[in-house]
$ cat data_3.txt   # compact mmCIF, C-alpha atoms
# COMPACT_ATOMS: atom_id res chain seq x y z
CA MET J 14 -64.22 165.46 102.95
CA HIS J 15 -64.68 161.71 102.79
CA ILE J 16 -63.95 159.81 106.01
CA SER J 17 -64.06 156.21 107.12
CA VAL J 18 -64.32 155.67 110.87
CA ASN J 19 -64.86 152.54 112.88
CA VAL J 20 -67.30 153.33 115.68
CA ASP J 21 -68.21 150.68 118.22
CA GLY J 22 -67.09 147.92 115.89
CA VAL J 23 -68.85 149.12 112.73
CA THR J 24 -67.12 150.99 109.92
CA TYR J 25 -68.93 154.06 108.63
CA ALA J 26 -68.07 155.92 105.44
CA ASP J 27 -69.33 159.48 105.27
CA GLU J 28 -68.89 162.81 103.61
CA VAL J 29 -68.38 165.49 106.28
CA GLU J 30 -67.51 169.15 106.54
CA PRO J 31 -64.02 169.56 108.04
CA ARG J 32 -65.41 171.75 110.82
CA LEU J 33 -67.80 169.04 112.05
CA LEU J 34 -66.78 168.10 115.59
CA LEU J 35 -66.42 164.42 116.36
CA VAL J 36 -69.12 164.60 119.05
CA HIS J 37 -71.59 166.09 116.59
CA TYR J 38 -70.72 163.43 114.02
CA LEU J 39 -71.38 160.70 116.60
CA ARG J 40 -74.65 162.18 117.80
CA GLU J 41 -76.17 163.72 114.70
CA ARG J 42 -74.89 161.52 111.87
CA LEU J 43 -74.58 158.16 113.60
CA GLY J 44 -77.34 158.67 116.17
CA LYS J 45 -75.03 157.72 119.02
CA THR J 46 -76.62 160.08 121.51
CA GLY J 47 -75.17 158.17 124.44
CA THR J 48 -72.19 160.50 124.10
CA VAL J 49 -73.36 163.88 125.34
CA VAL J 50 -72.24 167.50 125.00
CA GLY J 51 -71.78 169.07 128.40
CA CYS J 52 -69.84 172.28 128.72
CA ASP J 53 -69.06 172.80 125.03
CA THR J 54 -65.64 174.18 126.03
CA GLY J 55 -63.49 171.12 126.69
CA ASN J 56 -63.67 171.26 130.48
CA CYS J 57 -66.32 168.83 131.65
CA GLY J 58 -65.38 165.53 129.98
CA ALA J 59 -69.02 164.44 129.44
CA CYS J 60 -68.25 163.82 125.74
CA THR J 61 -65.31 161.48 126.47
CA VAL J 62 -64.90 158.58 124.01
CA HIS J 63 -61.95 156.35 123.20
CA LEU J 64 -59.86 156.96 120.10
CA ASP J 65 -57.74 153.90 119.33
CA GLY J 66 -58.17 152.82 122.94
CA HIS J 67 -57.32 156.11 124.66
CA SER J 68 -59.76 158.59 126.15
CA VAL J 69 -60.30 161.88 124.32
CA LYS J 70 -62.83 164.68 124.54
CA SER J 71 -64.89 164.35 121.38
CA CYS J 72 -65.81 168.06 121.43
CA GLN J 73 -62.09 168.87 121.19
CA MET J 74 -61.44 167.25 117.83
CA PHE J 75 -62.92 167.17 114.37
CA ALA J 76 -64.53 164.11 112.80
CA VAL J 77 -61.99 164.30 109.95
CA GLN J 78 -59.22 163.71 112.51
CA ALA J 79 -60.81 160.36 113.33
CA ASN J 80 -60.52 159.26 109.70
CA GLY J 81 -59.01 155.77 109.59
CA HIS J 82 -59.20 155.40 113.37
CA GLU J 83 -61.29 153.42 115.81
CA VAL J 84 -63.74 155.11 118.16
CA THR J 85 -65.46 153.46 121.12
CA THR J 86 -68.43 155.21 122.73
CA ILE J 87 -70.46 154.38 125.80
CA GLU J 88 -72.88 152.61 123.43
CA GLY J 89 -70.18 150.16 122.40
CA LEU J 90 -69.47 148.76 125.86
CA ALA J 91 -72.37 146.41 126.57
CA ARG J 92 -72.47 143.01 124.91
CA ASP J 93 -75.59 140.93 124.33
CA GLY J 94 -77.51 142.92 126.92
CA LYS J 95 -74.80 142.58 129.54
CA LEU J 96 -73.29 145.78 130.85
CA HIS J 97 -69.54 146.38 130.93
CA PRO J 98 -68.16 145.79 134.47
CA VAL J 99 -67.55 149.52 134.91
CA GLN J 100 -71.15 150.29 133.92
CA GLU J 101 -72.30 147.59 136.35
CA ALA J 102 -70.15 149.06 139.13
CA PHE J 103 -71.55 152.56 138.54
CA ARG J 104 -75.06 151.16 138.81
CA SER J 105 -74.54 149.10 141.91
CA ASN J 106 -72.62 151.84 143.74
CA HIS J 107 -75.18 154.53 142.88
CA ALA J 108 -72.40 156.54 141.24
CA LEU J 109 -74.81 158.88 139.47
CA GLN J 110 -77.74 161.09 140.16
CA CYS J 111 -78.78 163.03 137.07
CA GLY J 112 -76.55 160.81 134.94
CA PHE J 113 -75.38 163.46 132.49
CA CYS J 114 -71.68 163.08 133.30
CA THR J 115 -71.92 159.29 133.49
CA PRO J 116 -71.01 158.32 129.89
CA GLY J 117 -67.82 160.38 130.09
CA MET J 118 -67.06 159.22 133.64
CA ILE J 119 -67.34 155.58 132.59
CA MET J 120 -65.22 156.01 129.47
CA GLN J 121 -62.53 157.82 131.47
CA ALA J 122 -62.73 155.27 134.29
CA ILE J 123 -62.05 152.46 131.80
CA ASP J 124 -59.07 154.41 130.45
CA LEU J 125 -57.77 154.95 133.98
CA LEU J 126 -58.13 151.26 134.88
CA ALA J 127 -56.11 150.33 131.79
CA ASP J 128 -53.12 152.19 133.24
CA GLU J 129 -53.90 151.68 136.93
CA PRO J 130 -55.59 148.32 137.49
CA ASP J 131 -55.78 148.78 141.28
CA PRO J 132 -56.03 152.54 141.91
CA ASP J 133 -56.18 154.09 145.37
CA ASP J 134 -58.58 156.92 146.17
CA GLU J 135 -56.14 159.66 145.14
CA THR J 136 -55.29 157.94 141.85
CA VAL J 137 -58.96 157.69 140.92
CA ARG J 138 -59.52 161.35 141.71
CA LYS J 139 -56.50 162.42 139.65
CA GLY J 140 -57.52 160.09 136.83
CA LEU J 141 -60.99 161.64 136.69
CA GLU J 142 -59.62 165.18 136.90
CA GLY J 143 -60.98 165.99 133.46
CA ASN J 144 -64.55 164.92 134.26
CA LEU J 145 -66.94 167.10 136.22
CA CYS J 146 -69.98 165.89 138.16
CA ARG J 147 -72.27 168.44 139.74
CA CYS J 148 -74.51 166.01 141.66
CA THR J 149 -72.66 163.32 143.52
CA GLY J 150 -69.73 164.98 145.21
CA TYR J 151 -67.70 162.19 143.55
CA GLN J 152 -67.74 159.87 146.59
CA ASN J 153 -69.72 157.10 144.97
CA ILE J 154 -67.96 157.56 141.65
CA VAL J 155 -64.61 156.87 143.31
CA ARG J 156 -66.14 153.83 145.05
CA ALA J 157 -67.56 152.56 141.77
CA VAL J 158 -64.22 152.81 139.97
CA GLN J 159 -62.50 150.89 142.75
CA ASP J 160 -65.28 148.32 142.76
CA ALA J 161 -64.93 147.98 138.99
CA ALA J 162 -61.21 147.40 139.43
CA HIS J 163 -62.01 144.45 141.69
CA ARG J 164 -64.55 143.10 139.22
CA MET J 165 -62.10 143.32 136.33
CA ARG J 166 -59.04 141.74 137.88
CA PRO J 167 -56.45 140.92 136.67
CA GLY J 168 -56.83 144.17 134.77
CA ALA J 169 -58.82 146.39 132.50
CA GLY J 170 -57.66 147.78 129.23
CA PRO J 171 -58.46 148.73 125.69
CA LYS J 172 -58.20 145.08 124.66
CA LEU J 173 -60.57 143.99 127.37
CA GLU J 174 -63.20 146.59 126.80
CA GLN J 175 -64.62 144.75 123.80
CA HIS J 176 -64.44 141.45 125.68
CA SER J 177 -66.48 142.15 128.78
CA ASP J 178 -68.76 139.22 128.13
CA GLU J 179 -66.92 135.94 128.45
CA HIS J 180 -68.98 134.45 125.62
CA ILE J 181 -67.57 136.98 123.19
CA THR J 182 -64.21 135.72 122.12
CA ALA J 183 -63.33 138.05 119.29
CA LYS J 184 -63.74 141.69 118.55
CA GLN J 185 -66.23 142.55 115.87
CA PRO J 186 -64.52 142.83 112.50
CA VAL J 187 -62.72 146.12 112.22
CA GLY J 188 -62.95 147.90 108.90
CA GLY J 189 -59.93 149.62 107.46
CA GLU J 190 -59.73 152.70 105.39
CA MET Z 6 -70.18 176.65 119.19
CA ILE Z 7 -69.20 175.83 115.63
CA PRO Z 8 -65.94 177.03 114.06
CA ALA Z 9 -65.87 179.04 110.85
CA GLU Z 10 -65.34 177.06 107.66
CA PHE Z 11 -61.83 175.98 106.72
CA ARG Z 12 -60.09 173.67 104.28
CA TYR Z 13 -58.52 170.62 105.92
CA LEU Z 14 -55.19 169.34 104.63
CA CYS Z 15 -53.34 166.19 105.69
CA PRO Z 16 -49.68 166.16 104.62
CA SER Z 17 -47.79 162.90 104.92
CA THR Z 18 -44.27 164.36 105.12
CA VAL Z 19 -42.72 167.45 106.70
CA ASP Z 20 -41.70 168.77 103.28
CA GLU Z 21 -45.27 168.42 102.03
CA ALA Z 22 -46.53 170.25 105.12
CA VAL Z 23 -44.07 173.10 104.55
CA ARG Z 24 -45.14 173.32 100.90
CA MET Z 25 -48.84 173.36 101.83
CA LEU Z 26 -48.23 176.09 104.38
CA ALA Z 27 -46.42 178.20 101.79
CA GLU Z 28 -49.22 177.68 99.25
CA GLU Z 29 -52.03 178.45 101.69
CA GLY Z 30 -50.39 181.63 102.96
CA GLU Z 31 -50.44 183.18 106.38
CA ASP Z 32 -54.17 182.68 106.97
CA ALA Z 33 -53.54 178.95 107.25
CA LYS Z 34 -52.84 177.35 110.60
CA ILE Z 35 -50.96 174.24 111.66
CA ILE Z 36 -52.95 171.88 113.92
CA ALA Z 37 -51.05 169.45 116.15
CA GLY Z 38 -53.09 167.88 118.97
CA GLY Z 39 -55.64 170.67 118.75
CA GLN Z 40 -56.32 170.85 122.47
CA SER Z 41 -55.76 174.61 122.53
CA LEU Z 42 -56.54 175.38 118.89
CA VAL Z 43 -59.94 173.65 118.67
CA PRO Z 44 -61.39 175.71 121.57
CA VAL Z 45 -59.93 178.84 119.97
CA LEU Z 46 -61.63 177.96 116.67
CA ARG Z 47 -64.89 177.13 118.39
CA MET Z 48 -64.95 180.46 120.19
CA ARG Z 49 -64.08 182.04 116.83
CA LEU Z 50 -61.10 183.80 118.32
CA ALA Z 51 -59.38 182.64 115.13
CA ALA Z 52 -60.79 181.75 111.72
CA PRO Z 53 -57.98 180.31 109.59
CA THR Z 54 -58.80 179.58 105.95
CA ALA Z 55 -57.06 176.21 106.14
CA LEU Z 56 -55.91 173.76 108.80
CA ILE Z 57 -52.83 171.69 108.04
CA ASP Z 58 -52.99 168.65 110.31
CA LEU Z 59 -49.64 167.17 111.36
CA GLY Z 60 -51.44 164.16 112.87
CA GLY Z 61 -50.31 161.86 110.06
CA LEU Z 62 -46.61 162.68 110.38
CA THR Z 63 -45.33 159.70 112.32
CA GLU Z 64 -41.78 160.95 111.68
CA LEU Z 65 -42.52 163.69 114.24
CA THR Z 66 -43.43 161.40 117.12
CA GLY Z 67 -41.21 159.69 119.63
CA VAL Z 68 -37.95 160.32 121.46
CA ARG Z 69 -34.48 159.51 120.14
CA ASP Z 70 -31.21 159.20 122.03
CA GLU Z 71 -28.62 161.40 120.34
CA GLY Z 72 -25.70 160.79 122.68
CA ASP Z 73 -25.49 163.86 124.90
CA SER Z 74 -29.02 164.99 124.12
CA LEU Z 75 -32.55 163.75 123.39
CA LEU Z 76 -34.44 164.57 120.24
CA ILE Z 77 -38.16 164.82 120.97
CA GLY Z 78 -40.51 164.87 118.00
CA ALA Z 79 -42.83 167.88 118.09
CA MET Z 80 -45.90 165.63 117.69
CA THR Z 81 -45.02 163.44 120.68
CA THR Z 82 -48.08 163.54 122.92
CA HIS Z 83 -47.99 164.52 126.58
CA TYR Z 84 -49.07 160.97 127.39
CA GLU Z 85 -46.05 159.61 125.50
CA VAL Z 86 -43.70 162.09 127.21
CA GLN Z 87 -45.03 160.99 130.61
CA ARG Z 88 -44.19 157.37 129.85
CA ASP Z 89 -40.95 157.67 127.90
CA HIS Z 90 -38.01 156.08 129.71
CA LEU Z 91 -35.39 158.30 128.01
CA ILE Z 92 -37.19 161.42 129.20
CA HIS Z 93 -37.60 159.91 132.66
CA ASP Z 94 -33.88 159.13 132.89
CA HIS Z 95 -32.40 162.21 131.23
CA ALA Z 96 -34.97 165.03 131.41
CA LEU Z 97 -37.04 164.21 134.48
CA LEU Z 98 -38.17 167.83 134.89
CA LEU Z 99 -39.99 167.61 131.57
CA LYS Z 100 -41.89 164.49 132.63
CA LEU Z 101 -42.86 165.99 135.99
CA ALA Z 102 -44.15 169.20 134.40
CA THR Z 103 -46.04 167.21 131.76
CA ASP Z 104 -47.74 165.19 134.52
CA THR Z 105 -49.48 168.41 135.60
CA VAL Z 106 -50.75 169.47 132.16
CA ALA Z 107 -54.57 169.67 131.96
CA ASP Z 108 -56.20 166.23 132.35
CA PRO Z 109 -55.73 162.69 130.98
CA GLN Z 110 -57.95 163.17 127.93
CA VAL Z 111 -56.10 166.32 126.90
CA ARG Z 112 -52.73 164.64 127.50
CA HIS Z 113 -53.71 161.87 125.08
CA ARG Z 114 -54.16 164.35 122.21
CA GLY Z 115 -52.05 167.36 123.17
CA THR Z 116 -48.45 167.46 121.98
CA PHE Z 117 -45.14 168.73 123.33
CA GLY Z 118 -44.41 170.80 120.23
CA GLY Z 119 -47.94 172.13 120.02
CA SER Z 120 -47.78 173.45 123.60
CA LEU Z 121 -44.49 175.21 122.93
CA CYS Z 122 -45.78 176.81 119.72
CA HIS Z 123 -49.05 177.91 121.33
CA ALA Z 124 -46.81 179.71 123.87
CA ASP Z 125 -49.47 180.35 126.47
CA PRO Z 126 -47.53 182.05 129.29
CA ALA Z 127 -49.35 179.76 131.75
CA GLY Z 128 -48.41 176.66 129.74
CA ASP Z 129 -46.42 174.26 131.87
CA LEU Z 130 -43.79 173.15 129.36
CA LEU Z 131 -42.28 176.51 128.47
CA ALA Z 132 -40.35 177.07 131.72
CA PRO Z 133 -38.87 173.53 131.71
CA ALA Z 134 -37.86 173.93 128.04
CA LEU Z 135 -36.16 177.23 128.90
CA ALA Z 136 -34.51 175.94 132.07
CA LEU Z 137 -33.16 172.85 130.28
CA ASP Z 138 -31.77 174.86 127.33
CA ALA Z 139 -34.00 173.11 124.80
CA VAL Z 140 -33.36 173.91 121.14
CA MET Z 141 -36.23 174.19 118.65
CA ILE Z 142 -35.64 172.61 115.26
CA ILE Z 143 -37.72 174.38 112.68
CA ALA Z 144 -38.57 173.55 109.07
CA GLY Z 145 -39.38 176.24 106.52
CA PRO Z 146 -39.19 176.90 102.78
CA GLY Z 147 -35.50 177.79 103.18
CA GLY Z 148 -34.64 174.51 104.93
CA ARG Z 149 -34.02 173.79 108.60
CA ARG Z 150 -32.90 176.17 111.34
CA GLU Z 151 -32.39 175.92 115.08
CA VAL Z 152 -33.57 178.40 117.72
CA PRO Z 153 -32.70 178.11 121.42
CA ALA Z 154 -35.62 178.29 123.86
CA SER Z 155 -34.18 181.56 125.21
CA GLU Z 156 -34.95 183.18 121.82
CA PHE Z 157 -38.02 181.14 120.86
CA PHE Z 158 -40.59 182.60 123.29
CA VAL Z 159 -41.08 186.16 122.13
CA ASP Z 160 -44.26 187.43 123.79
CA TYR Z 161 -47.75 186.35 124.89
CA PHE Z 162 -48.76 183.53 122.52
CA GLU Z 163 -45.94 184.55 120.20
CA THR Z 164 -42.82 182.64 119.19
CA ALA Z 165 -39.89 183.10 116.82
CA LEU Z 166 -41.65 180.87 114.25
CA ALA Z 167 -42.31 182.68 110.98
CA PRO Z 168 -45.79 182.19 109.45
CA ASP Z 169 -44.34 179.73 106.92
CA GLU Z 170 -42.37 177.65 109.45
CA ILE Z 171 -43.16 174.50 111.43
CA LEU Z 172 -41.56 173.23 114.65
CA ILE Z 173 -40.54 169.64 113.93
CA ASP Z 174 -38.24 168.52 116.76
CA VAL Z 175 -36.97 169.70 120.12
CA ARG Z 176 -33.47 168.87 121.25
CA VAL Z 177 -33.00 168.66 125.02
CA PRO Z 178 -29.54 168.18 126.55
CA LYS Z 179 -29.30 165.26 128.95
CA PHE Z 180 -29.55 166.03 132.66
CA THR Z 181 -28.85 162.49 133.77
CA GLY Z 182 -28.98 162.00 137.53
CA TRP Z 183 -30.28 165.48 138.29
CA GLY Z 184 -33.05 165.86 140.86
CA ALA Z 185 -36.11 167.68 139.55
CA HIS Z 186 -39.48 169.03 140.60
CA TYR Z 187 -42.30 171.07 139.09
CA GLU Z 188 -44.22 173.00 141.73
CA LYS Z 189 -47.52 174.30 140.39
CA LEU Z 190 -50.05 176.47 142.13
CA ASN Z 191 -53.60 176.35 140.84
CA ARG Z 192 -56.88 176.53 142.67
CA VAL Z 193 -59.03 173.88 141.01
CA ALA Z 194 -58.50 170.65 139.09
CA GLN Z 195 -57.20 171.01 135.51
CA ALA Z 196 -56.72 174.79 135.91
CA TRP Z 197 -53.79 176.71 134.47
CA SER Z 198 -50.89 177.64 136.72
CA ILE Z 199 -51.22 180.88 138.64
CA VAL Z 200 -47.47 180.57 139.10
CA ALA Z 201 -45.33 177.45 138.79
CA VAL Z 202 -41.64 176.76 139.28
CA ALA Z 203 -39.55 174.26 137.34
CA ALA Z 204 -36.38 173.22 139.16
CA ALA Z 205 -33.55 170.82 138.35
CA VAL Z 206 -30.57 170.39 140.65
CA GLN Z 207 -27.36 168.43 140.43
CA VAL Z 208 -26.09 167.48 143.89
CA ARG Z 209 -22.54 166.14 144.32
CA ASP Z 210 -21.08 165.14 147.68
CA GLY Z 211 -23.78 167.06 149.53
CA SER Z 212 -23.39 170.33 147.68
CA ILE Z 213 -25.15 171.85 144.71
CA ALA Z 214 -22.99 171.52 141.61
CA ALA Z 215 -25.47 173.05 139.18
CA ALA Z 216 -29.05 174.29 139.18
CA ARG Z 217 -31.72 175.29 136.68
CA VAL Z 218 -34.84 177.22 137.66
CA GLY Z 219 -37.62 178.40 135.35
CA LEU Z 220 -40.77 180.31 136.26
CA THR Z 221 -44.20 179.79 134.64
CA ASN Z 222 -46.78 182.57 134.19
CA VAL Z 223 -44.90 185.47 135.71
CA GLY Z 224 -44.70 187.47 132.48
CA ALA Z 225 -45.21 187.35 128.73
CA GLY Z 226 -43.16 184.18 128.51
CA PRO Z 227 -41.19 181.78 130.70
CA VAL Z 228 -38.50 183.36 132.89
CA ARG Z 229 -35.18 181.84 133.88
CA ALA Z 230 -34.41 182.62 137.55
CA VAL Z 231 -30.68 183.12 136.99
CA ASP Z 232 -30.12 184.86 140.33
CA VAL Z 233 -31.55 181.86 142.14
CA GLU Z 234 -29.39 179.49 140.10
CA SER Z 235 -26.16 181.38 140.77
CA ALA Z 236 -26.95 181.69 144.48
CA LEU Z 237 -27.26 177.92 144.71
CA VAL Z 238 -24.12 176.77 142.92
CA GLY Z 239 -21.39 175.70 145.33
CA GLN Z 240 -23.71 175.84 148.35
CA PRO Z 241 -24.42 172.85 150.56
CA ALA Z 242 -27.72 171.17 149.65
CA THR Z 243 -29.40 172.34 152.84
CA ALA Z 244 -32.73 173.94 153.72
CA GLU Z 245 -30.92 177.16 154.71
CA ALA Z 246 -29.12 177.51 151.39
CA ILE Z 247 -32.34 176.81 149.48
CA SER Z 248 -34.36 179.34 151.51
CA GLU Z 249 -31.72 181.99 150.96
CA ALA Z 250 -31.52 181.36 147.20
CA ALA Z 251 -35.32 181.19 146.78
CA LEU Z 252 -35.59 184.77 148.07
CA ARG Z 253 -33.89 185.89 144.87
CA ALA Z 254 -36.78 184.75 142.67
CA SER Z 255 -38.24 187.89 141.20
CA THR Z 256 -41.14 188.66 138.88
CA GLY Z 257 -41.59 192.43 139.09
CA ASP Z 258 -45.05 191.91 140.59
CA GLY Z 259 -45.60 191.99 144.37
CA TYR Z 260 -48.15 189.21 144.64
CA LYS Z 261 -46.39 186.93 142.19
CA ASP Z 262 -42.97 187.76 143.70
CA ASN Z 263 -44.08 186.24 146.93
CA LEU Z 264 -45.60 183.22 145.21
CA ALA Z 265 -42.47 182.70 143.10
CA ARG Z 266 -40.24 182.73 146.21
CA VAL Z 267 -42.40 180.33 148.18
CA LEU Z 268 -42.84 177.95 145.24
CA THR Z 269 -39.14 178.15 144.32
CA GLY Z 270 -38.27 177.09 147.86
CA ARG Z 271 -40.67 174.15 147.64
CA ALA Z 272 -39.51 173.12 144.16
CA LEU Z 273 -35.83 173.20 145.11
CA THR Z 274 -36.43 171.31 148.33
CA ALA Z 275 -38.23 168.55 146.44
CA ALA Z 276 -35.66 168.55 143.62
CA VAL Z 277 -32.76 168.14 146.04
CA ALA Z 278 -34.58 165.32 147.82
CA GLY Z 279 -35.33 163.50 144.60
$ encode --input "data_3.txt" --output "structure tokens"
Amino acid sequence: MHISVNVDGVTYADEVEPRLLLVHYLRERLGKTGTVVGCDTGNCGACTVHLDGHSVKSCQMFAVQANGHEVTTIEGLARDGKLHPVQEAFRSNHALQCGFCTPGMIMQAIDLLADEPDPDDETVRKGLEGNLCRCTGYQNIVRAVQDAAHRMRPGAGPKLEQHSDEHITAKQPVGGE
Amino acid sequence: MIPAEFRYLCPSTVDEAVRMLAEEGEDAKIIAGGQSLVPVLRMRLAAPTALIDLGGLTELTGVRDEGDSLLIGAMTTHYEVQRDHLIHDHALLLKLATDTVADPQVRHRGTFGGSLCHADPAGDLLAPALALDAVMIIAGPGGRREVPASEFFVDYFETALAPDEILIDVRVPKFTGWGAHYEKLNRVAQAWSIVAVAAAVQVRDGSIAAARVGLTNVGAGPVRAVDVESALVGQPATAEAISEAALRASTGDGYKDNLARVLTGRALTAAVAG
């Protein structure tokens, strides 16, 4: 089936098998290996990306379901060599050890901050309920998300995520179907 | 794990979806949000020949005020249910139960109608739908028909939907001003309910005017705790009356009986308070 998907600001047109999972399309067809496959069963959240600005598990949907939609991966966050504030906060708070869960954690943290710009400890933990980390015990991840919230005031959100660098004033052109 | 091959069809109207389903036959499967179906396909517990994706049917999303009831489109996502002000004001129990479903990513894709049709006995929206007397509006080759929740959930993962039918809307009567609570017991984050209790209570002048109680995961489908409800009506909204009524929750299973009673007590206490 023919699909057209905007991924990280670039529109791709491809012929795909309907059973191709979105995460495999991102990794194997587009080479966006920043998005990883963790548990393969929809539990761990490592493959989290944004679909039209909302977090989804990319191993839980097919690439054909993203046809005509906009996907943002961890690779689409940095601008001109500058990390997104949530990426920066994860780095400076040592919110990772092996780093495997980190792409999904960051994508979900950005989604959480869009709804909860100043989350308390409990809100962060609930908001990251769908993301598992086996190294850190979550302490520094929670700190990083709260630190990111401070860095991003007055608020994070799908609109802001493409605007993390103040020199970038407009989103890259978005292709349609 | 990779699913077996299937054809993928994207109808743009309900009638087109019904026609596609009839043409493809009973080996075809409807996909809504896919948060239960995609794992099933990946584990190859099912291998439908075709998937008919309702994702493009915008007519099936959103909540409408119909006077004394709400009409909730089957493709309304959990995330949308959580944030809908009509549901918050008139069917609070549904919002509170939806808050506990899976995790944020799943709630962005998963749908109200999809959860009801999947009919997992541990699914959190079945007991609220039953307790609130929801009515399923179903489209098929013969037109539309309506099935009350009390007749919709037939068995484990089985509903009254025929193979050629699609759930399109759910009508929920308004419970404006009722207190509500969904008390869920699970052991780890994002796990299914071991047992959960859905409670809605109408308190007038300090006494319980009406009550609805539904139990999750105590049998093949959701169970309405009618003995608990009738024990509450007319009683003062006190801890004693709630404790006494909660003892009537019954599941036919010793371990779950005890859980159901304890959780019913907690759910009612919170519902009366809120």
$ residues_around --input "data_3.txt" --residues "segment 134-147 of chain J" --least-positions-apart "6" --cutoff "7 Å" --atoms "all atoms listed in the file" --output "VMD selection string"
(chain J and resid 56 to 59 114 117 to 118 121 125 155) or (chain Z and resid 108 to 110 194 to 195)
$ interface_residues --input "data_3.txt" --of "chain J" --to "chain Z" --cutoff "8 Å" --atoms "all atoms listed in the file" --output "ChimeraX atom specification"
/J:31-33,53-55,61,67-70,73-74,78,121,140-143
$ closest_residue --input "data_3.txt" --among "Z:Ile57, Z:Val23, Z:Leu91, Z:Ala144" --to "Ile173 of chain Z" --atoms "all atoms listed in the file"
Z:Ala144
$ residues_around --input "data_3.txt" --residues "segment 130-134 of chain Z" --least-positions-apart "6" --cutoff "9 Å" --atoms "all atoms listed in the file" --output "number ranges by chain"
Z: 98-99, 102-103, 106, 117, 120-121, 124, 140, 154-155, 158, 177, 187, 201-205, 217-222, 226-229
$ residues_around --input "data_3.txt" --residues "Val20 of chain J" --least-positions-apart "3" --cutoff "7 Å" --atoms "only C-alpha atoms" --output "PyMOL selection string"
chain J and resi 23-24+83-85
$ atom_distance --input "data_3.txt" --atom1 "atom CA of Arg24 of chain Z" --atom2 "atom CA of Arg149 of chain Z"
13.5 Å
$ atom_distance --input "data_3.txt" --atom1 "atom CA of Glu101 of chain J" --atom2 "atom CA of Asp128 of chain J"
20.0 Å
$ atom_distance --input "data_3.txt" --atom1 "atom CA of Ala225 of chain Z" --atom2 "atom CA of Val277 of chain Z"
28.7 Å
$ closest_residue --input "data_3.txt" --among "J:Asn153, J:Gln100, J:Asn19, J:Asn80" --to "Leu43 of chain J" --atoms "all atoms listed in the file"
J:Asn19
$ residues_near_point --input "data_3.txt" --point "(-74.7, 149.9, 139.9)" --cutoff "12 Å" --atoms "all atoms listed in the file" --output "number ranges by chain"
J: 96-110, 115, 119, 153-154, 156-158, 160-161
$ closest_residue --input "data_3.txt" --among "J:Arg164, J:Asp27, J:Pro116, J:Leu39" --to "Gly51 of chain J" --atoms "only C-alpha atoms"
J:Pro116
